[in-house]
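Enquirer: This is the content of my_file_10.cif (mmCIF, C-alpha atoms):
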data_start
loop_
_atom_site.group_PDB
_atom_site.id
_atom_site.type_symbol
_atom_site.label_atom_id
_atom_site.label_comp_id
_atom_site.auth_asym_id
_atom_site.auth_seq_id
_atom_site.Cartn_x
_atom_site.Cartn_y
_atom_site.Cartn_z
ATOM 1 C CA MET A 1 -1.845 -27.407 9.961
ATOM 2 C CA ASN A 2 -3.328 -23.926 10.183
ATOM 3 C CA ARG A 3 -0.656 -21.443 9.162
ATOM 4 C CA LEU A 4 -0.936 -17.874 10.363
ATOM 5 C CA PRO A 5 -1.271 -15.337 7.523
ATOM 6 C CA VAL A 6 1.304 -12.642 6.772
ATOM 7 C CA VAL A 7 1.267 -10.017 4.021
ATOM 8 C CA LEU A 8 4.635 -9.664 2.302
ATOM 9 C CA ASP A 9 5.721 -6.154 1.319
ATOM 10 C CA LYS A 10 7.920 -5.762 -1.773
ATOM 11 C CA SER A 11 10.697 -4.182 0.317
ATOM 12 C CA PHE A 12 10.922 -7.425 2.303
ATOM 13 C CA ALA A 13 11.130 -9.539 -0.848
ATOM 14 C CA HIS A 14 13.904 -7.750 -2.738
ATOM 15 C CA PRO A 15 17.071 -8.025 -0.573
ATOM 16 C CA LYS A 16 19.307 -10.970 -1.479
ATOM 17 C CA LYS A 17 19.437 -12.109 2.153
ATOM 18 C CA ALA A 18 15.639 -12.571 2.037
ATOM 19 C CA GLU A 19 15.750 -15.569 -0.328
ATOM 20 C CA THR A 20 15.953 -18.340 2.263
ATOM 21 C CA ILE A 21 13.649 -16.482 4.661
ATOM 22 C CA LYS A 22 10.969 -16.096 1.961
ATOM 23 C CA GLU A 23 11.175 -19.824 1.226
ATOM 24 C CA TRP A 24 10.890 -20.614 4.938
ATOM 25 C CA LEU A 25 8.004 -18.177 5.475
ATOM 26 C CA CYS A 26 6.024 -19.705 2.608
ATOM 27 C CA LYS A 27 6.291 -23.086 4.338
ATOM 28 C CA GLU A 28 5.550 -21.913 7.875
ATOM 29 C CA ARG A 29 2.994 -19.176 7.229
ATOM 30 C CA THR A 30 0.249 -18.373 4.736
ATOM 31 C CA VAL A 31 1.988 -15.709 2.656
ATOM 32 C CA ILE A 32 -0.325 -13.181 1.005
ATOM 33 C CA LEU A 33 0.700 -11.031 -1.947
ATOM 34 C CA PRO A 34 -1.483 -8.177 -3.210
ATOM 35 C CA ARG A 35 -1.698 -7.510 -6.925
ATOM 36 C CA ALA A 36 0.668 -4.594 -6.347
ATOM 37 C CA PHE A 37 3.398 -7.200 -5.904
ATOM 38 C CA TYR A 38 2.493 -8.767 -9.245
ATOM 39 C CA TYR A 39 2.606 -5.304 -10.760
ATOM 40 C CA GLU A 40 6.188 -5.055 -9.506
ATOM 41 C CA VAL A 41 7.009 -8.448 -11.002
ATOM 42 C CA PHE A 42 5.480 -7.801 -14.415
ATOM 43 C CA THR A 43 6.640 -4.203 -14.866
ATOM 44 C CA THR A 44 8.924 -3.518 -17.817
ATOM 45 C CA THR A 45 10.313 -0.252 -16.409
ATOM 46 C CA ASP A 46 13.926 0.136 -15.311
ATOM 47 C CA ASP A 47 14.820 2.170 -12.208
ATOM 48 C CA ILE A 48 17.648 4.644 -11.690
ATOM 49 C CA ARG A 49 19.052 4.281 -8.171
ATOM 50 C CA GLY A 50 21.878 6.680 -7.519
ATOM 51 C CA ASN A 51 24.499 6.110 -10.199
ATOM 52 C CA ARG A 52 23.244 2.723 -11.339
ATOM 53 C CA ILE A 53 20.360 1.357 -13.365
ATOM 54 C CA VAL A 54 18.304 -1.510 -11.943
ATOM 55 C CA THR A 55 16.623 -3.284 -14.838
ATOM 56 C CA ALA A 56 13.089 -4.613 -14.818
ATOM 57 C CA ALA A 57 14.514 -8.149 -15.063
ATOM 58 C CA GLN A 58 16.748 -7.603 -12.029
ATOM 59 C CA LYS A 59 13.814 -6.287 -9.980
ATOM 60 C CA ARG A 60 11.592 -9.197 -11.049
ATOM 61 C CA ILE A 61 14.186 -11.875 -10.303
ATOM 62 C CA ALA A 62 15.106 -10.378 -6.914
ATOM 63 C CA ALA A 63 11.442 -10.201 -5.872
ATOM 64 C CA ILE A 64 10.471 -13.785 -6.701
ATOM 65 C CA ARG A 65 13.690 -15.717 -6.096
ATOM 66 C CA GLY A 66 13.069 -17.987 -3.111
ATOM 67 C CA MET A 67 9.330 -17.318 -3.138
ATOM 68 C CA GLY A 68 7.254 -20.450 -2.519
ATOM 69 C CA GLU A 69 3.501 -20.932 -2.569
ATOM 70 C CA HIS A 70 1.430 -17.910 -1.692
ATOM 71 C CA ILE A 71 -2.088 -16.505 -2.055
ATOM 72 C CA PRO A 72 -2.482 -13.561 -4.465
ATOM 73 C CA LEU A 73 -5.289 -11.153 -3.567
ATOM 74 C CA HIS A 74 -6.940 -8.478 -5.693
ATOM 75 C CA LEU A 75 -7.881 -5.647 -3.337
ATOM 76 C CA PRO A 76 -10.410 -3.884 -5.626
ATOM 77 C CA SER A 77 -12.322 -7.177 -6.031
ATOM 78 C CA LEU A 78 -12.385 -7.748 -2.270
ATOM 79 C CA LEU A 79 -13.709 -4.232 -1.680
ATOM 80 C CA GLN A 80 -16.364 -4.737 -4.334
ATOM 81 C CA GLU A 81 -17.435 -8.072 -2.845
ATOM 82 C CA GLU A 82 -17.769 -6.541 0.622
ATOM 83 C CA ALA A 83 -19.902 -3.743 -0.802
ATOM 84 C CA LEU A 84 -22.246 -6.212 -2.507
ATOM 85 C CA LEU A 85 -22.504 -8.569 0.478
ATOM 86 C CA LYS A 86 -22.936 -5.682 2.941
ATOM 87 C CA SER A 87 -20.761 -7.719 5.272
ATOM 88 C CA PRO A 88 -17.039 -7.786 6.146
ATOM 89 C CA LEU A 89 -14.797 -10.357 4.480
ATOM 90 C CA ILE A 90 -13.029 -11.791 7.513
ATOM 91 C CA PRO A 91 -9.593 -13.402 7.006
ATOM 92 C CA PRO A 92 -10.672 -17.076 7.451
ATOM 93 C CA TYR A 93 -13.383 -16.595 4.812
ATOM 94 C CA ILE A 94 -10.915 -15.066 2.350
ATOM 95 C CA LEU A 95 -8.250 -17.725 2.938
ATOM 96 C CA SER A 96 -10.785 -20.522 2.405
ATOM 97 C CA ARG A 97 -11.773 -19.183 -1.012
ATOM 98 C CA TYR A 98 -8.488 -18.295 -2.683
ATOM 99 C CA PRO A 99 -6.004 -20.992 -3.776
ATOM 100 C CA PHE A 100 -2.258 -21.028 -3.342
ATOM 101 C CA GLU A 101 -0.114 -20.228 -6.383
ATOM 102 C CA ARG A 102 3.562 -20.303 -7.326
ATOM 103 C CA PHE A 103 5.535 -18.051 -9.628
ATOM 104 C CA SER A 104 6.603 -19.744 -12.837
ATOM 105 C CA GLN A 105 10.312 -20.514 -13.036
ATOM 106 C CA SER A 106 10.282 -18.806 -16.432
ATOM 107 C CA TYR A 107 10.014 -15.465 -14.573
ATOM 108 C CA LEU A 108 13.626 -15.951 -13.445
ATOM 109 C CA SER A 109 14.857 -15.624 -17.013
ATOM 110 C CA GLU A 110 16.418 -12.310 -18.060
ATOM 111 C CA ASP A 111 14.603 -12.640 -21.409
ATOM 112 C CA TRP A 112 11.090 -13.161 -20.006
ATOM 113 C CA THR A 113 8.384 -10.789 -21.290
ATOM 114 C CA PRO A 114 4.773 -10.456 -20.036
ATOM 115 C CA LYS A 115 2.032 -12.344 -21.858
ATOM 116 C CA ASN A 116 -1.410 -10.913 -22.635
ATOM 117 C CA HIS A 117 -3.039 -11.862 -19.307
ATOM 118 C CA GLN A 118 -0.047 -10.460 -17.448
ATOM 119 C CA VAL A 119 -0.254 -7.191 -19.357
ATOM 120 C CA SER A 120 -3.855 -6.963 -18.131
ATOM 121 C CA ILE A 121 -2.522 -7.061 -14.563
ATOM 122 C CA LEU A 122 -0.374 -4.040 -15.375
ATOM 123 C CA ASN A 123 -3.442 -2.238 -16.704
ATOM 124 C CA TYR A 124 -6.017 -3.260 -14.082
ATOM 125 C CA TYR A 125 -4.987 -0.532 -11.701
ATOM 126 C CA SER A 126 -6.467 2.426 -13.555
ATOM 127 C CA ASP A 127 -9.797 2.936 -11.724
ATOM 128 C CA HIS A 128 -8.538 1.832 -8.321
ATOM 129 C CA ILE A 129 -5.348 3.882 -8.496
ATOM 130 C CA ASN A 130 -7.004 6.893 -10.085
ATOM 131 C CA TYR A 131 -9.580 7.139 -7.283
ATOM 132 C CA MET A 132 -6.877 7.399 -4.633
ATOM 133 C CA CYS A 133 -4.665 9.776 -6.630
ATOM 134 C CA ASP A 134 -7.628 12.046 -7.457
ATOM 135 C CA PHE A 135 -8.601 12.116 -3.779
ATOM 136 C CA TRP A 136 -5.084 13.079 -2.676
ATOM 137 C CA ARG A 137 -4.747 15.636 -5.464
ATOM 138 C CA ASN A 138 -7.943 17.342 -4.286
ATOM 139 C CA VAL A 139 -6.641 17.312 -0.706
ATOM 140 C CA LEU A 140 -3.432 19.062 -1.761
ATOM 141 C CA ILE A 141 -5.292 21.702 -3.769
ATOM 142 C CA SER A 142 -8.029 22.359 -1.181
ATOM 143 C CA GLN A 143 -5.812 21.785 1.909
ATOM 144 C CA TYR A 144 -8.886 20.038 3.322
ATOM 145 C CA ILE A 145 -9.658 16.506 4.518
ATOM 146 C CA PRO A 146 -13.255 15.583 5.417
ATOM 147 C CA CYS A 147 -13.981 15.638 9.180
ATOM 148 C CA PHE A 148 -10.740 17.464 10.043
ATOM 149 C CA SER A 149 -10.992 21.154 10.935
ATOM 150 C CA LYS A 150 -8.714 23.761 9.398
ATOM 151 C CA LEU A 151 -7.149 24.181 12.849
ATOM 152 C CA ASP A 152 -6.438 20.434 12.959
ATOM 153 C CA ILE A 153 -4.699 20.619 9.592
ATOM 154 C CA ASP A 154 -2.692 23.722 10.528
ATOM 155 C CA TYR A 155 -1.488 22.153 13.787
ATOM 156 C CA ALA A 156 -0.685 18.852 12.095
ATOM 157 C CA LEU A 157 1.556 20.632 9.597
ATOM 158 C CA ARG A 158 3.382 22.687 12.220
ATOM 159 C CA TYR A 159 3.888 20.277 15.105
ATOM 160 C CA THR A 160 5.051 16.664 14.873
ATOM 161 C CA THR A 161 3.384 15.630 18.140
ATOM 162 C CA LYS A 162 0.079 17.202 17.058
ATOM 163 C CA PHE A 163 0.359 15.356 13.733
ATOM 164 C CA ASP A 164 0.676 12.034 15.570
ATOM 165 C CA ASP A 165 -2.282 12.878 17.829
ATOM 166 C CA ILE A 166 -4.471 13.752 14.858
ATOM 167 C CA CYS A 167 -3.510 10.545 13.071
ATOM 168 C CA GLN A 168 -4.542 8.552 16.153
ATOM 169 C CA ARG A 169 -8.150 9.560 15.476
ATOM 170 C CA LEU A 170 -8.079 7.158 12.550
ATOM 171 C CA ASN A 171 -8.261 4.278 15.050
ATOM 172 C CA SER A 172 -11.767 5.362 16.088
ATOM 173 C CA ALA A 173 -14.501 3.382 14.327
ATOM 174 C CA ASP A 174 -16.963 6.261 14.850
ATOM 175 C CA PHE A 175 -14.568 8.694 13.177
ATOM 176 C CA ILE A 176 -13.933 6.369 10.218
ATOM 177 C CA ARG A 177 -17.682 5.870 9.755
ATOM 178 C CA GLU A 178 -18.138 9.661 9.756
ATOM 179 C CA ILE A 179 -15.450 10.059 7.077
ATOM 180 C CA ALA A 180 -16.943 7.175 5.085
ATOM 181 C CA MET A 181 -20.301 8.941 4.980
ATOM 182 C CA HIS A 182 -18.680 12.205 3.859
ATOM 183 C CA ILE A 183 -16.832 10.552 0.966
ATOM 184 C CA ASN A 184 -19.794 8.350 -0.043
ATOM 185 C CA GLN A 185 -18.274 4.968 0.759
ATOM 186 C CA PRO A 186 -20.626 1.941 0.662
ATOM 187 C CA ASN A 187 -21.978 0.549 3.953
ATOM 188 C CA ALA A 188 -20.536 3.573 5.749
ATOM 189 C CA THR A 189 -22.651 3.202 8.895
ATOM 190 C CA LEU A 190 -21.709 -0.476 9.322
ATOM 191 C CA LEU A 191 -17.940 -0.178 9.160
ATOM 192 C CA ASP A 192 -15.580 -1.283 11.904
ATOM 193 C CA SER A 193 -12.088 -2.788 11.976
ATOM 194 C CA THR A 194 -13.343 -6.162 10.692
ATOM 195 C CA TRP A 195 -13.991 -4.617 7.259
ATOM 196 C CA ILE A 196 -11.362 -4.239 4.542
ATOM 197 C CA ARG A 197 -13.197 -1.020 3.621
ATOM 198 C CA PHE A 198 -12.434 0.331 7.104
ATOM 199 C CA ARG A 199 -8.715 -0.337 6.591
ATOM 200 C CA PHE A 200 -8.906 1.211 3.114
ATOM 201 C CA ILE A 201 -10.332 4.469 4.507
ATOM 202 C CA GLN A 202 -7.844 4.549 7.396
ATOM 203 C CA SER A 203 -4.920 4.166 4.990
ATOM 204 C CA LEU A 204 -6.329 6.596 2.413
ATOM 205 C CA ILE A 205 -6.766 9.372 4.987
ATOM 206 C CA LEU A 206 -3.451 8.721 6.722
ATOM 207 C CA GLN A 207 -1.664 9.077 3.389
ATOM 208 C CA ALA A 208 -3.595 12.302 2.716
ATOM 209 C CA LEU A 209 -2.286 13.698 6.016
ATOM 210 C CA ILE A 210 1.258 12.613 5.144
ATOM 211 C CA LEU A 211 1.024 14.288 1.727
ATOM 212 C CA LEU A 212 -0.239 17.509 3.311
ATOM 213 C CA GLN A 213 2.719 17.422 5.687
ATOM 214 C CA SER A 214 5.076 16.860 2.730
ATOM 215 C CA TYR A 215 3.580 19.713 0.660
ATOM 216 C CA PRO A 216 2.192 22.205 3.226
ATOM 217 C CA ASN A 217 2.292 25.163 0.827
ATOM 218 C CA PHE A 218 1.301 23.311 -2.321
ATOM 219 C CA ASN A 219 -0.713 26.091 -4.008
ATOM 220 C CA ILE A 220 1.765 28.826 -3.081
ATOM 221 C CA HIS A 221 4.623 26.758 -4.432
ATOM 222 C CA ILE A 222 2.807 26.055 -7.705
ATOM 223 C CA LYS A 223 2.131 29.763 -8.238
ATOM 224 C CA SER A 224 5.751 30.615 -7.472
ATOM 225 C CA ILE A 225 7.058 28.439 -10.322
ATOM 226 C CA GLU A 226 7.083 30.732 -13.336
ATOM 227 C CA ASP A 227 8.725 28.366 -15.806
ATOM 228 C CA ASP A 228 6.050 26.141 -17.379
ATOM 229 C CA GLU A 229 8.396 23.199 -17.893
ATOM 230 C CA LEU A 230 9.551 23.290 -14.278
ATOM 231 C CA LYS A 231 5.947 23.477 -13.124
ATOM 232 C CA LYS A 232 5.053 20.512 -15.332
ATOM 233 C CA ASP A 233 7.994 18.508 -13.962
ATOM 234 C CA PHE A 234 6.990 19.311 -10.382
ATOM 235 C CA LEU A 235 3.402 18.139 -10.928
ATOM 236 C CA THR A 236 4.563 15.048 -12.809
ATOM 237 C CA ASN A 237 6.830 14.053 -9.928
ATOM 238 C CA ILE A 238 3.974 14.458 -7.455
ATOM 239 C CA ASN A 239 1.715 12.307 -9.637
ATOM 240 C CA ILE A 240 4.395 9.615 -9.823
ATOM 241 C CA ARG A 241 4.772 9.701 -6.048
ATOM 242 C CA MET A 242 1.013 9.382 -5.524
ATOM 243 C CA GLU A 243 0.823 6.389 -7.855
ATOM 244 C CA HIS A 244 3.673 4.786 -5.927
ATOM 245 C CA ASP A 245 1.866 5.537 -2.640
ATOM 246 C CA ALA A 246 -1.333 3.983 -3.993
ATOM 247 C CA HIS A 247 0.532 0.760 -4.800
ATOM 248 C CA ASP A 248 2.092 0.745 -1.327
ATOM 249 C CA LEU A 249 -1.321 1.090 0.305
ATOM 250 C CA GLU A 250 -2.328 -2.362 -0.965
ATOM 251 C CA TYR A 251 0.330 -3.946 1.251
ATOM 252 C CA LEU A 252 -0.658 -1.749 4.194
ATOM 253 C CA ILE A 253 -4.421 -2.324 3.862
ATOM 254 C CA LEU A 254 -4.131 -6.101 3.582
ATOM 255 C CA GLY A 255 -1.471 -6.207 6.310
ATOM 256 C CA LEU A 256 -3.825 -4.337 8.632
ATOM 257 C CA HIS A 257 -6.732 -6.621 7.739
ATOM 258 C CA PHE A 258 -4.798 -9.853 8.323
ATOM 259 C CA GLY A 259 -2.970 -8.451 11.350
ATOM 260 C CA SER A 260 0.541 -9.182 10.112
ATOM 261 C CA LEU A 261 2.955 -7.424 7.772
ATOM 262 C CA ALA A 262 6.523 -8.265 6.704
ATOM 263 C CA THR A 263 8.422 -5.164 5.565
ATOM 264 C CA GLU A 264 11.908 -3.686 5.432
ATOM 265 C CA GLU A 265 10.642 -0.086 5.466
ATOM 266 C CA THR A 266 11.461 0.322 9.135
ATOM 267 C CA SER A 267 12.483 3.936 9.682
ATOM 268 C CA LYS A 268 10.659 5.802 12.441
ATOM 269 C CA ALA A 269 9.482 8.482 10.015
ATOM 270 C CA ASN A 270 5.698 8.556 9.655
ATOM 271 C CA LYS A 271 6.037 7.878 5.935
ATOM 272 C CA SER A 272 7.558 4.400 6.350
ATOM 273 C CA MET A 273 5.459 1.268 5.931
ATOM 274 C CA SER A 274 6.267 0.012 9.429
ATOM 275 C CA SER A 275 5.362 3.296 11.150
ATOM 276 C CA ARG A 276 2.048 3.508 9.284
ATOM 277 C CA PHE A 277 1.250 -0.094 10.202
ATOM 278 C CA ARG A 278 2.152 0.484 13.847
ATOM 279 C CA LEU A 279 0.035 3.637 14.023
ATOM 280 C CA LEU A 280 -3.078 1.942 12.602
ATOM 281 C CA SER A 281 -2.527 -1.470 14.215
ATOM 282 C CA PRO A 282 -0.656 -1.019 17.520
ATOM 283 C CA ASN A 283 -1.089 -4.699 18.412
ATOM 284 C CA GLY A 284 -0.443 -6.096 14.925
ATOM 285 C CA GLU A 285 2.507 -8.309 14.044
ATOM 286 C CA LEU A 286 5.340 -6.517 12.247
ATOM 287 C CA LEU A 287 8.066 -8.747 10.788
ATOM 288 C CA THR A 288 11.443 -7.660 9.416
ATOM 289 C CA LEU A 289 14.363 -9.671 8.070
ATOM 290 C CA ASN A 290 16.247 -8.994 11.314
ATOM 291 C CA SER A 291 13.320 -10.041 13.509
ATOM 292 C CA ILE A 292 13.133 -13.495 11.932
ATOM 293 C CA ILE A 293 15.700 -16.099 12.887
ATOM 294 C CA GLU A 294 17.087 -17.281 9.566
ATOM 295 C CA PRO A 295 16.402 -20.999 9.115
ATOM 296 C CA SER A 296 19.326 -23.396 9.001
ATOM 297 C CA PRO A 297 20.315 -24.582 5.499
#
Show me the file's structure as structure tokens.
Expert:
Amino acid sequence: MNRLPVVLDKSFAHPKKAETIKEWLCKERTVILPRAFYYEVFTTTDDIRGNRIVTAAQKRIAAIRGMGEHIPLHLPSLLQEEALLKSPLIPPYILSRYPFERFSQSYLSEDWTPKNHQVSILNYYSDHINYMCDFWRNVLISQYIPCFSKLDIDYALRYTTKFDDICQRLNSADFIREIAMHINQPNATLLDSTWIRFRFIQSLILQALILLQSYPNFNIHIKSIEDDELKKDFLTNINIRMEHDAHDLEYLILGLHFGSLATEETSKANKSMSSRFRLLSPNGELLTLNSIIEPSP
């Protein structure tokens, strides 16, 4: 039986009520997990959420409990393969080449610690993540995005409707090819929506626009902070946010490429996963825990 693919976002995997739905989805659909999900699973960092601490073990166990067989995909490798082949990696081709896997039951133990090959997963991100964060950092400093005029940027920051209109340009293949040429992306003149690289550029630029909207007076604000420690904290927090955004983009890019994304980030704000997916894939399939009829026990 051919099972339709769906990319599972970490926000969909964590809620306790998702356990039976994850198990059901893995049987009925071809569930795809980017390496960003594995990064979440193998991380050893605790989170502070409000007045409580969520341990790394609690995050890991919540994410994988109920998870059945799935296909893990390494986005940087897929992008590299496309560049070398000078041809898009269409979903059926990808699904025919990558095997299903299951998480080890040992990951459900509170005492589990990552092994050497799993530590390498935590470290693999550096080049891939750094490229995106460096790009966004330059956008914030220069207040410039290739192929957008200064007037475009000014209007996007002032008016919500203008921001949405400007973001809609990212659905034009001609516009994405123009951006790709400006930022020296491989096979720039060949790109269309069948390429993962196309979805990568769409998502990269959309996030740049969102960051500009979040920090419209970035340089002025930096100069206004006289205390060096406060300035350092401000920049550190922005760097942490950009790294988090870069991880999130893996889910978005693969969801766009496979035409289906399961997420619980469903607010109408343009920063949510669902709104970004809808903007870049108006006809794509967006699944939430509430949109899926929970299977009978």
Enquirer: Which residues of segment 57-152 of chain A have any atom within 8 Å of an atom in segment 242-252 of chain A when counting all atoms listed in the file, and what is the closest pair of atoms for each, with the distance in Å to one decimal? Order the rows by chain and rising number and write it as a tab-separated table.
Expert:
residue	atom	partner	partner_atom	distance
A:Leu75	CA	A:Glu250	CA	6.9
A:Ile129	CA	A:Ala246	CA	6.0
A:Met132	CA	A:Ala246	CA	6.5
A:Cys133	CA	A:Met242	CA	5.8
A:Trp136	CA	A:Met242	CA	7.7
Enquirer: Just the residues within 12 Å of His70 of chain A, please, counting all atoms listed in the file, with nothing from its chain fewer than 5 positions along; format it as an MDAnalysis selection string.
Expert: chainID A and resid 3 5:8 22:34 37:38 64 95 98:103
Enquirer: Give me, please, the distance in Å between atom CA of Asp164 of chain A and atom CA of Leu279 of chain A, quoted to one decimal.
Expert: 8.6 Å
Enquirer: Residues within 10 Å of Leu212 of chain A, please, as a list of chain:residue names. Count all atoms listed in the file; anything in the same chain fewer than 5 positions from it doesn't count.
Expert: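 Once the adjacent positions are removed, what remains is A:Trp136, A:Val139, A:Leu140, A:Ile141, A:Gln143, A:Tyr144, A:Ile145, A:Ile153, A:Asp154, A:Ala156, A:Leu157, A:Leu206, A:Gln207, A:Asn217, A:Phe218.
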Enquirer: Quick check, in Å to one decimal: how far apart do atom CA of Glu265 of chain A and atom CA of Ser11 of chain A lie?
Expert: 6.6 Å
Enquirer: Can you list, as a count of residues only, every protein, DNA or RNA residue that comes within 12 Å of segment 107-115 of chain A when you count all atoms listed in the file, leaving out same-chain residues fewer than 2 positions away?
Expert: 31
Enquirer: Would you mind reading off the distance between atom CA of Glu285 of chain A and atom CA of Thr263 of chain A, one decimal, in Å?
Expert: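 Pair atom CA of Glu285 of chain A / atom CA of Thr263 of chain A returns 10.8 Å.
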